[in-house]
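Below is one structure, written out as structure tokens, with a few remarks after it.
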Amino acid sequence: MNRMTVALDLPAGLTARPLIPSDAPAVTAVMAAQELADVGEVVIEEADIIADWQRPGYDVSAGTVGVCDDDRLVAYAEVAYGDRGDAAVHPDYRGRGLGTWLAGWMQQKAREKGCTVIGMPVPQGSPGDRLLESLGYRVRWTSWVLQLPEGAVIPDRPLPAGFAVRAATEADWEAAFTVNEDAFLEWSQRERDTFEIWQSQVVRRPGFEPWHLRVVTDPGGEVVAMALLQLHDDQGYLARLATRADQRGRGLAQALLVDTFAEARQHGATRFEVSTDSRTGALSLYEKVGMRVTSAWVNRAIDV
């Protein structure tokens with residue numbers, strides 16, 4: 001077992017405390033500053049933090065820690081559920097041992113929860129990536145953020161006869177959840193989410209509007225593919241894309257891409273992003289329709 005022991009002593013002058021839901025803006029600011037320094041753009045949104053923290057059964061204070069300089073939050077970490085964690089250090093506070101302290105805290109918290117491994121995403125080649133590698137963390141998978149170049153259009157892909165693409169209604173939500181969860185569990189090693197958990201992160205996420213959730217239906221009206229858009233200012237982000245296993249290879253995913261980005265354009269989006277990882281095998285789909293990789297991330301983990 002590759003296991004690390006870290007003395008949990010904070011650098012002088014800094015204090016630590018559990019976080020509460022109202023800390024979401026401060027956590028977002030720390031993560032945004034780190035992303036801007038490491039990949040040149042901000043990917044995180046406050047709505048992402050809120051959606052994660054409102055997951056049914058998740059106790060924010062029990063799963064998080066914030067490091068403060070007086071009243072300013074300068075670093076944070078959490079062990080959310082399963083073997084998933086996350087952490088960030090404001091660039092102004094790098095080089096003081098905070099990353100190592102957070103890694104030790106996360107490992108200790110994971111052991112307390114009965115986990116045997118803990119992992120987190122970091123930009124490939126970033127200070128965080130190099131730190132975790134030096135601490136013995138292994139790479140589990142690689143993720144990529146892709147953008148559609150300005151002015152580019154994804155080639156249209158007509159749907160098979162009898163199929164249709166449209167905005168989901170509330171009556172479609174559970175079917176969309178099933179298609180989403182079934183597809184993601186083909187490669188994700190975790191327990192199956194409940195419909196209530198899915199709702200907390202999709203339709204109850206701050207800023208959600210009904211047109212953000214798109215579905216493809218078959219000739220019988222059954223939902224066989226789904227996509228979820230998140231819109232922030234002028235950027236549309238494809239957060240989820242899934243097709244039922246028996247309907248793949250028919251162009252449904254590409255049709256959803258065309259539809260979703262077209263809807264986003266009508267609502268003011270001029271930039272479009274998507275992320276995928278090496279477990280899904282979907283990278284080539286996005287590259288074939290003209291999207292280009294803008295940053296790469298690795299999920300590093302360690303046994304605890």
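Chains: A, B, ... in order of the structure tokens. Residues: from 1 per chain. Ligands: from 1, in order shown.
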Item to check | strand (DSSP E) per DSSP on the backbone: members of range 54-99 of chain A, as a list in words | outcome: Thr64, Val65, Gly66, Val67, Cys68, Asp69, Arg72, Leu73, Val74, Ala75, Tyr76, Ala77, Glu78, Val79, Gly85, Asp86, Ala87, Ala88 and Val89 of chain A
Item to check | Selection near Glu209 in chain A, 12 Å with only C-alpha atoms, sequence-local residues under 5 positions removed, as a ChimeraX atom specification | outcome: /A:167-170,202-204,214,228-231,264,267
Item to check | Pick from A:Val39, A:Leu285, A:Leu241, A:Ala29 nearest to Thr260 in chain A, counting only C-alpha atoms | outcome: A:Leu241
Item to check | Polymer residues at most 8 Å from Ala227 in chain A, only C-alpha atoms, same-chain spacing of 3 or more positions, as a PyMOL selection string | outcome: chain A and resi 213-215+238-242+256-257+260
Writing out the chosen residues with N, CA, C and O atoms as a compact mmCIF listing (two decimals), in the first residue's frame:
# COMPACT_ATOMS: atom_id res chain seq x y z
N LEU A 213 -31.81 21.24 -20.39
CA LEU A 213 -31.81 19.78 -20.46
C LEU A 213 -32.47 19.36 -21.77
O LEU A 213 -33.65 19.63 -22.00
N ARG A 214 -31.71 18.69 -22.64
CA ARG A 214 -32.15 18.30 -23.98
C ARG A 214 -32.25 16.79 -24.06
O ARG A 214 -31.44 16.07 -23.44
N VAL A 215 -33.20 16.29 -24.80
CA VAL A 215 -33.35 14.84 -24.95
C VAL A 215 -33.62 14.48 -26.41
O VAL A 215 -34.14 15.29 -27.18
N LEU A 238 -21.18 22.06 -22.05
CA LEU A 238 -21.92 20.80 -22.12
C LEU A 238 -21.49 19.94 -20.94
O LEU A 238 -20.39 19.36 -20.94
N ALA A 239 -22.32 19.88 -19.91
CA ALA A 239 -21.95 19.21 -18.67
C ALA A 239 -22.16 17.70 -18.73
O ALA A 239 -21.44 16.96 -18.07
N ARG A 240 -23.15 17.25 -19.49
CA ARG A 240 -23.42 15.82 -19.57
C ARG A 240 -23.94 15.49 -20.97
O ARG A 240 -24.68 16.26 -21.57
N LEU A 241 -23.54 14.33 -21.46
CA LEU A 241 -24.00 13.83 -22.75
C LEU A 241 -24.02 12.32 -22.67
O LEU A 241 -23.00 11.71 -22.35
N ALA A 242 -25.15 11.71 -22.92
CA ALA A 242 -25.26 10.26 -22.79
C ALA A 242 -26.28 9.72 -23.77
O ALA A 242 -27.32 10.34 -24.03
N LEU A 256 -27.42 15.94 -30.74
CA LEU A 256 -27.62 16.67 -29.49
C LEU A 256 -26.62 17.81 -29.36
O LEU A 256 -26.97 18.89 -28.87
N LEU A 257 -25.38 17.57 -29.78
CA LEU A 257 -24.39 18.65 -29.75
C LEU A 257 -24.85 19.83 -30.60
O LEU A 257 -24.80 20.99 -30.17
N THR A 260 -27.92 21.48 -28.86
CA THR A 260 -27.61 22.15 -27.61
C THR A 260 -26.83 23.44 -27.84
O THR A 260 -27.15 24.49 -27.25
Checklist entry - By how many Å are CA of Thr178 in chain A and CA of Arg265 in chain A apart? => result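 Going from CA of Thr178 in chain A over to CA of Arg265 in chain A covers 27.8 Å.
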Next on the checklist: For Gly125 in chain A, find every residue with an atom within 10 Å (counting only C-alpha atoms), except residues of its own chain fewer than 5 positions away, and show them as a VMD selection string.
Outcome noted: chain A and resid 38 to 39 130 to 131 133 296 to 298
Dump of all heavy atoms for the selected residues, as an mmCIF file, in the first residue's frame:
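Contents of the output file selection_19.cif:
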data_model
loop_
_atom_site.group_PDB
_atom_site.id
_atom_site.type_symbol
_atom_site.label_atom_id
_atom_site.label_comp_id
_atom_site.auth_asym_id
_atom_site.auth_seq_id
_atom_site.Cartn_x
_atom_site.Cartn_y
_atom_site.Cartn_z
ATOM 1 N N ASP A 38 -3.023 28.295 -13.288
ATOM 2 C CA ASP A 38 -2.527 27.013 -13.804
ATOM 3 C C ASP A 38 -2.908 26.730 -15.255
ATOM 4 O O ASP A 38 -2.133 26.111 -15.986
ATOM 5 C CB ASP A 38 -3.038 25.868 -12.924
ATOM 6 C CG ASP A 38 -2.389 25.861 -11.551
ATOM 7 O OD1 ASP A 38 -1.363 26.552 -11.371
ATOM 8 O OD2 ASP A 38 -2.908 25.181 -10.644
ATOM 9 N N VAL A 39 -4.110 27.137 -15.681
ATOM 10 C CA VAL A 39 -4.559 26.805 -17.039
ATOM 11 C C VAL A 39 -4.946 28.027 -17.854
ATOM 12 O O VAL A 39 -5.348 27.902 -19.006
ATOM 13 C CB VAL A 39 -5.736 25.789 -17.015
ATOM 14 C CG1 VAL A 39 -5.312 24.497 -16.362
ATOM 15 C CG2 VAL A 39 -6.967 26.368 -16.330
ATOM 16 N N ARG A 130 2.552 18.251 -9.672
ATOM 17 C CA ARG A 130 3.919 17.891 -9.291
ATOM 18 C C ARG A 130 4.013 17.561 -7.798
ATOM 19 O O ARG A 130 4.739 16.641 -7.398
ATOM 20 C CB ARG A 130 4.885 19.020 -9.657
ATOM 21 C CG ARG A 130 5.009 19.261 -11.161
ATOM 22 C CD ARG A 130 6.184 20.157 -11.492
ATOM 23 N NE ARG A 130 6.028 21.506 -10.947
ATOM 24 C CZ ARG A 130 5.424 22.503 -11.569
ATOM 25 N NH1 ARG A 130 4.874 22.310 -12.764
ATOM 26 N NH2 ARG A 130 5.356 23.708 -11.017
ATOM 27 N N LEU A 131 3.264 18.297 -6.987
ATOM 28 C CA LEU A 131 3.276 18.015 -5.553
ATOM 29 C C LEU A 131 2.720 16.627 -5.261
ATOM 30 O O LEU A 131 3.340 15.831 -4.537
ATOM 31 C CB LEU A 131 2.464 19.066 -4.794
ATOM 32 C CG LEU A 131 2.229 18.756 -3.309
ATOM 33 C CD1 LEU A 131 3.544 18.767 -2.544
ATOM 34 C CD2 LEU A 131 1.229 19.730 -2.702
ATOM 35 N N GLU A 133 2.434 14.072 -7.205
ATOM 36 C CA GLU A 133 3.346 13.044 -7.703
ATOM 37 C C GLU A 133 4.487 12.815 -6.713
ATOM 38 O O GLU A 133 4.868 11.670 -6.437
ATOM 39 C CB GLU A 133 3.903 13.448 -9.067
ATOM 40 C CG GLU A 133 4.822 12.397 -9.677
ATOM 41 C CD GLU A 133 5.358 12.808 -11.031
ATOM 42 O OE1 GLU A 133 5.436 14.020 -11.312
ATOM 43 O OE2 GLU A 133 5.706 11.903 -11.820
ATOM 44 N N ALA A 296 -5.550 19.930 -20.079
ATOM 45 C CA ALA A 296 -5.612 18.523 -19.669
ATOM 46 C C ALA A 296 -5.453 18.451 -18.151
ATOM 47 O O ALA A 296 -4.689 19.207 -17.546
ATOM 48 C CB ALA A 296 -4.496 17.715 -20.352
ATOM 49 N N TRP A 297 -6.211 17.541 -17.565
ATOM 50 C CA TRP A 297 -6.202 17.336 -16.123
ATOM 51 C C TRP A 297 -5.941 15.864 -15.839
ATOM 52 O O TRP A 297 -6.286 15.005 -16.660
ATOM 53 C CB TRP A 297 -7.538 17.739 -15.499
ATOM 54 C CG TRP A 297 -7.912 19.184 -15.677
ATOM 55 C CD1 TRP A 297 -8.114 19.856 -16.857
ATOM 56 C CD2 TRP A 297 -8.110 20.142 -14.642
ATOM 57 N NE1 TRP A 297 -8.425 21.159 -16.608
ATOM 58 C CE2 TRP A 297 -8.444 21.378 -15.270
ATOM 59 C CE3 TRP A 297 -8.055 20.075 -13.248
ATOM 60 C CZ2 TRP A 297 -8.712 22.519 -14.536
ATOM 61 C CZ3 TRP A 297 -8.329 21.217 -12.513
ATOM 62 C CH2 TRP A 297 -8.646 22.434 -13.162
ATOM 63 N N VAL A 298 -5.353 15.579 -14.693
ATOM 64 C CA VAL A 298 -5.184 14.189 -14.273
ATOM 65 C C VAL A 298 -5.849 14.005 -12.916
ATOM 66 O O VAL A 298 -5.847 14.920 -12.087
ATOM 67 C CB VAL A 298 -3.704 13.777 -14.204
ATOM 68 C CG1 VAL A 298 -3.122 13.630 -15.582
ATOM 69 C CG2 VAL A 298 -2.886 14.757 -13.368
#
Next on the checklist: Taking only C-alpha atoms into account, name the residue in A:Ile302, A:Leu252, A:Val43, A:Leu73 that is nearest to Pro160 in chain A.
Outcome noted: A:Leu252
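Within 10 Å of Glu186 in chain A, once only C-alpha atoms are used and residues closer than 6 positions along the same chain are dropped, the contacting residues are Ala245, Arg279 and Thr280 of chain A.
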Just the selected residues (C-alpha atoms), exported as a PDB file, in the first residue's frame, please.
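What landed in again-v6.pdb:
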ATOM      1  CA  ALA A 245     -26.295   1.661 -25.179  1.00  0.00           C
ATOM      2  CA  ARG A 279     -12.482   6.346 -19.204  1.00  0.00           C
ATOM      3  CA  THR A 280     -15.259   7.317 -21.620  1.00  0.00           C
TER       4      THR A 280
END
Next on the checklist: List as a VMD selection string the protein and nucleic acid residues near Pro25 in chain A, meaning an atom at most 12 Å away when only C-alpha atoms are counted, but skip any in the same chain fewer than 6 places from it.
Outcome noted: chain A and resid 19 31 to 32 44 to 50 72 to 73
Checklist entry - Per DSSP on the backbone, what are the alpha helix (DSSP H) residues of range 175-290 of chain A, as a PyMOL selection string? => result chain A and resi 175-184+195-201+252-266+283-288
Item to check | Residues within 12 Å of Tyr93 in chain A, only C-alpha atoms, excluding chain neighbours under 6 positions, as a list of chain:residue names | outcome: A:Pro11, A:Gly13, A:Leu14, A:Val30, A:Ala33, A:Gln34, A:Val67, A:Cys68, A:Asp69, A:Arg72, A:Leu73, A:Val74, A:Ala75, A:Tyr76, A:Gly99
Closest atom pairs, residues of range 106-171 of chain A within 10 Å of range 55-65 of chain A, only C-alpha atoms, as a tab-separated table:
residue	atom	partner	partner_atom	distance
A:Met106	CA	A:Thr64	CA	8.9
A:Lys109	CA	A:Gly63	CA	7.7
A:Ala110	CA	A:Gly63	CA	9.3
A:Lys113	CA	A:Gly63	CA	9.5
